[in-house]
Amino acid sequence: MKPLFLILAYLGVVALPLVLSWLTGGPSRPVHQELASGLGILAFSMTLAEFVLSGRFRKISHGVGMDVTMRFHQVMARTALIFALLHPFLYRATPSRGRRPWDPTGQLTLTTDFSDMSSGIAAFLILPSLVFLAIGRTKLDHKYEVWRLMHGIGAVLIALLLLHHATHAGRYGSQPVMSWVWLVMTGLAVGSLFYVYLIVPIKDRRRAWRVASVTRLTPRQWELTLTPDAHSGLAYTAGQFVWLTVGHSPFSINEHPFSISSAPSGGPEVSFMIKELGDFTRGVGDIKPGTTAYLDGPYGSLAIEGRTEPGVALIAGGVGLAPLLGILRQMRLTGDPRKVRLVYGNRKADQIAFRDELDMADVTYVLSEPPEGWTGETGYIDGALLDRVFAPQDFKEWLFVVCGPSVMMDIVETHLIKRGTPSDRILSERFDYD
């Protein structure tokens, strides 16, 4: 029910300015002019809604999944962009404002005042840049932190430019009621950003952590363990993740999302399995014990608590093992009676992490580049492999938790559905989008 409620709430919020504009509007105009105004209004309200779809509000993403929230954020941003780009061109052949006895209020004509139009023109140019930079983020040669800063500043700038444009150049936005509506909505949107990057760090500052250890797991994977600094620790559920800041102020933009690989029942310390991929992760091995760290979270919905399925299937690709390892450890520590089976895929044998620990479980290792003498599964985690590992009844009755590369997750989820696994028994979260 929560996804349906959130969709209805979203539709209500973005449609509110449109409805109020219709109720407070002036004389009717040709259809293409009304459509132009309507698309502009929707583009603005959808842009403002994007601020709270960032995934950093747990009351929104919890139970739905931050990946679903973020994907919705991306789709709606692109939809708003299309509306915004169409908006000015649909005014084609609309008279410009001037001395028109039949329209003394100027409500049926377009303004030619550049000071009123300039903010809309600027937003018209910046919004596509912001969207296209987000789409091509992984292909651009700049740091993730730089992109986040650019994205946040750009979003605030667009919101303020559109506020000025709507209330000064817009036929409906210039109405007193609509001016206040846009002002309040813009304030809430920008305020949400300040909450995430100012209020939350203030709270996190009172709950600092210290690096307890940094351990090499494989040639390019590390285990980073933190211990709470004079507080009780983090209340989380196995399978969740946090935004981690190490060696910087909690107000820094140098924070990164990592899944927790430890179990809540294992004590106050929290551990992360980190693979060397980017600027921050390549330096994990150089982090010194005692370094100050901060956590924002927990987030995520890969939780098996409260489920009644007789078995739990954990399917991991590479570093996607991290949250599933936390689930496996929690099940062991709590004496969970359910059957559990792990499928763990990697490219090479030396990439298998925590092998001594995992060998004690019902685990199937899969290597795409196996060494000579390898007796485990070879190739990739696909439908044929799953059919060898799980019985037909398992597909219908067990809970499947999947984490890894997007391609692998797509293949696994498609095969599970094909084998009759109900969608509510497939838990996954992904953060790799086009």
# chains A, B, ... in the order shown; residues from 1 in each chain; ligands from 1

call {"tool": "residues_around", "arguments": {"residues": "A:Asp296", "least_positions_apart": "3", "cutoff": "10 Å", "atoms": "only C-alpha atoms", "output": "number ranges by chain"}}
result
A: 56, 196, 200-201, 203-204, 207, 234, 241-245, 250, 255-257, 299

call {"tool": "residues_around", "arguments": {"residues": "A:Ala80", "least_positions_apart": "3", "cutoff": "8 Å", "atoms": "only C-alpha atoms", "output": "PyMOL selection string"}}
result
chain A and resi 42-44+46-47+76-77+83-84

call {"tool": "closest_residue", "arguments": {"among": "A:Gly25, A:Pro3, A:Pro289, A:Gly420", "to": "A:Ser174", "atoms": "only C-alpha atoms"}}
result
A:Gly25

call {"tool": "select_by_dssp", "arguments": {"residues": "stretch 220-365 of chain A", "states": "strand (DSSP E or B)", "output": "PyMOL selection string"}}
result
chain A and resi 221-228+241-246+256-260+270-275+292-299+311-317+339-346+363-365

call {"tool": "closest_residue", "arguments": {"among": "A:Met409, A:Ile287, A:Ala134, A:Ala322", "to": "A:Met273", "atoms": "only C-alpha atoms"}}
result
A:Ala322

call {"tool": "residues_around", "arguments": {"residues": "A:Tyr91", "least_positions_apart": "6", "cutoff": "7 Å", "atoms": "only C-alpha atoms", "output": "ChimeraX atom specification"}}
result
/A:32-33,36

call {"tool": "residues_around", "arguments": {"residues": "A:Gly233", "least_positions_apart": "4", "cutoff": "8 Å", "atoms": "only C-alpha atoms", "output": "compact mmCIF listing (two decimals) with C-alpha atoms, in the first residue's frame"}}
result
# COMPACT_ATOMS: atom_id res chain seq x y z
CA THR A 227 33.58 1.49 16.59
CA PRO A 228 31.24 4.06 18.20
CA PRO A 268 28.17 -2.09 18.40
CA GLU A 269 30.95 -2.20 15.80

call {"tool": "select_by_dssp", "arguments": {"residues": "stretch 196-323 of chain A", "states": "helix (DSSP H, G or I)", "output": "list of chain:residue names"}}
result
A:Val196, A:Tyr197, A:Leu198, A:Ile199, A:Val200, A:Pro201, A:Ile202, A:Lys203, A:Asp204, A:Arg205, A:Pro264, A:Ser265, A:Gly266, A:Thr281, A:Arg282, A:Gly283, A:Val284, A:Gly285, A:Asp286, A:Gly318, A:Val319, A:Gly320, A:Leu321, A:Ala322, A:Pro323

call {"tool": "write_last_selection", "arguments": {"atoms": "C-alpha atoms", "output": "PDB file, in the first residue's frame"}}
result
ATOM      1  CA  VAL A 196      20.063  16.843   4.414  1.00  0.00           C
ATOM      2  CA  TYR A 197      23.336  18.761   4.215  1.00  0.00           C
ATOM      3  CA  LEU A 198      23.122  20.911   7.350  1.00  0.00           C
ATOM      4  CA  ILE A 199      20.696  19.591   9.979  1.00  0.00           C
ATOM      5  CA  VAL A 200      21.543  15.909   9.526  1.00  0.00           C
ATOM      6  CA  PRO A 201      25.330  16.524   9.751  1.00  0.00           C
ATOM      7  CA  ILE A 202      24.754  18.517  12.955  1.00  0.00           C
ATOM      8  CA  LYS A 203      23.026  15.454  14.410  1.00  0.00           C
ATOM      9  CA  ASP A 204      25.721  13.095  13.097  1.00  0.00           C
ATOM     10  CA  ARG A 205      28.451  15.246  14.630  1.00  0.00           C
ATOM     11  CA  PRO A 264      23.309  -6.044  14.378  1.00  0.00           C
ATOM     12  CA  SER A 265      23.592  -8.857  16.937  1.00  0.00           C
ATOM     13  CA  GLY A 266      27.372  -8.910  16.578  1.00  0.00           C
ATOM     14  CA  THR A 281      37.914   3.424  -2.381  1.00  0.00           C
ATOM     15  CA  ARG A 282      41.408   3.217  -3.877  1.00  0.00           C
ATOM     16  CA  GLY A 283      42.714   4.820  -0.687  1.00  0.00           C
ATOM     17  CA  VAL A 284      40.871   2.666   1.845  1.00  0.00           C
ATOM     18  CA  GLY A 285      44.008   0.694   2.618  1.00  0.00           C
ATOM     19  CA  ASP A 286      45.753   3.907   3.733  1.00  0.00           C
ATOM     20  CA  GLY A 318      31.282  -9.468  -6.387  1.00  0.00           C
ATOM     21  CA  VAL A 319      31.106  -6.802  -3.700  1.00  0.00           C
ATOM     22  CA  GLY A 320      27.322  -7.302  -3.702  1.00  0.00           C
ATOM     23  CA  LEU A 321      28.131  -9.908  -1.069  1.00  0.00           C
ATOM     24  CA  ALA A 322      28.366  -7.165   1.591  1.00  0.00           C
ATOM     25  CA  PRO A 323      24.695  -6.748   2.592  1.00  0.00           C
TER      26      PRO A 323
END

call {"tool": "closest_residue", "arguments": {"among": "A:Phe5, A:Trp182, A:Trp398, A:Phe51", "to": "A:Thr308", "atoms": "only C-alpha atoms"}}
result
A:Trp398

call {"tool": "residues_around", "arguments": {"residues": "A:Ile417", "least_positions_apart": "5", "cutoff": "12 Å", "atoms": "only C-alpha atoms", "output": "short mmCIF file (atom, residue, chain, number, x, y, z; two decimals) with all heavy atoms, in the first residue's frame"}}
result
data_model
loop_
_atom_site.label_atom_id
_atom_site.label_comp_id
_atom_site.auth_asym_id
_atom_site.auth_seq_id
_atom_site.Cartn_x
_atom_site.Cartn_y
_atom_site.Cartn_z
N GLY A 383 20.17 -18.31 -15.43
CA GLY A 383 19.03 -19.18 -15.18
C GLY A 383 19.40 -20.63 -15.05
O GLY A 383 18.89 -21.35 -14.18
N PHE A 395 11.79 -22.14 -5.77
CA PHE A 395 11.46 -20.91 -6.50
C PHE A 395 10.11 -20.34 -6.08
O PHE A 395 9.91 -19.13 -6.06
CB PHE A 395 11.45 -21.18 -8.01
CG PHE A 395 12.81 -21.39 -8.61
CD1 PHE A 395 13.17 -22.62 -9.13
CD2 PHE A 395 13.74 -20.35 -8.65
CE1 PHE A 395 14.43 -22.82 -9.68
CE2 PHE A 395 15.00 -20.54 -9.20
CZ PHE A 395 15.34 -21.78 -9.72
N LYS A 396 9.19 -21.23 -5.74
CA LYS A 396 7.84 -20.78 -5.40
C LYS A 396 7.68 -20.41 -3.94
O LYS A 396 6.81 -19.61 -3.59
CB LYS A 396 6.83 -21.88 -5.76
CG LYS A 396 6.73 -22.19 -7.24
CD LYS A 396 5.73 -23.29 -7.50
CE LYS A 396 5.49 -23.49 -9.00
NZ LYS A 396 6.70 -23.87 -9.72
N PHE A 400 14.10 -14.66 -2.04
CA PHE A 400 15.34 -14.45 -2.78
C PHE A 400 15.83 -13.03 -2.59
O PHE A 400 15.09 -12.06 -2.84
CB PHE A 400 15.12 -14.75 -4.27
CG PHE A 400 14.97 -16.20 -4.59
CD1 PHE A 400 13.75 -16.85 -4.37
CD2 PHE A 400 16.03 -16.95 -5.06
CE1 PHE A 400 13.59 -18.21 -4.65
CE2 PHE A 400 15.89 -18.30 -5.34
CZ PHE A 400 14.67 -18.93 -5.13
N ASP A 410 19.38 -8.30 -13.36
CA ASP A 410 18.32 -8.40 -14.37
C ASP A 410 18.09 -9.85 -14.78
O ASP A 410 16.93 -10.31 -14.88
CB ASP A 410 18.68 -7.57 -15.61
CG ASP A 410 18.63 -6.07 -15.34
OD1 ASP A 410 17.95 -5.66 -14.39
OD2 ASP A 410 19.29 -5.32 -16.09
N ILE A 411 19.17 -10.57 -15.01
CA ILE A 411 19.07 -11.97 -15.43
C ILE A 411 18.42 -12.81 -14.34
O ILE A 411 17.51 -13.62 -14.60
CB ILE A 411 20.46 -12.53 -15.78
CG1 ILE A 411 21.01 -11.85 -17.03
CG2 ILE A 411 20.42 -14.05 -15.96
CD1 ILE A 411 22.45 -12.21 -17.35
N VAL A 412 18.86 -12.62 -13.10
CA VAL A 412 18.33 -13.40 -11.98
C VAL A 412 16.85 -13.10 -11.75
O VAL A 412 16.03 -14.02 -11.61
CB VAL A 412 19.14 -13.12 -10.70
CG1 VAL A 412 18.45 -13.73 -9.47
CG2 VAL A 412 20.56 -13.67 -10.83
N PRO A 422 6.99 -15.26 -6.70
CA PRO A 422 6.20 -14.01 -6.59
C PRO A 422 7.13 -12.81 -6.44
O PRO A 422 8.19 -12.90 -5.81
CB PRO A 422 5.37 -14.24 -5.32
CG PRO A 422 5.33 -15.73 -5.13
CD PRO A 422 6.66 -16.22 -5.64
N SER A 423 6.77 -11.69 -7.04
CA SER A 423 7.63 -10.50 -7.02
C SER A 423 7.90 -10.01 -5.62
O SER A 423 8.96 -9.43 -5.35
CB SER A 423 7.00 -9.38 -7.86
OG SER A 423 5.71 -9.05 -7.36
N ASP A 424 6.95 -10.23 -4.68
CA ASP A 424 7.18 -9.78 -3.31
C ASP A 424 8.15 -10.67 -2.56
O ASP A 424 8.48 -10.39 -1.42
CB ASP A 424 5.86 -9.65 -2.55
CG ASP A 424 5.14 -10.98 -2.39
OD1 ASP A 424 5.49 -11.95 -3.09
OD2 ASP A 424 4.23 -11.07 -1.54
N ARG A 425 8.61 -11.75 -3.18
CA ARG A 425 9.62 -12.61 -2.58
C ARG A 425 10.98 -12.42 -3.23
O ARG A 425 11.88 -13.24 -3.06
CB ARG A 425 9.19 -14.08 -2.66
CG ARG A 425 8.02 -14.40 -1.75
CD ARG A 425 7.65 -15.85 -1.80
NE ARG A 425 6.51 -16.14 -0.94
CZ ARG A 425 5.83 -17.28 -0.95
NH1 ARG A 425 6.18 -18.24 -1.80
NH2 ARG A 425 4.81 -17.47 -0.12
N ILE A 426 11.12 -11.36 -3.99
CA ILE A 426 12.40 -11.01 -4.60
C ILE A 426 12.82 -9.65 -4.06
O ILE A 426 12.18 -8.63 -4.34
CB ILE A 426 12.31 -10.95 -6.14
CG1 ILE A 426 11.79 -12.27 -6.70
CG2 ILE A 426 13.68 -10.61 -6.73
CD1 ILE A 426 11.52 -12.22 -8.20
#
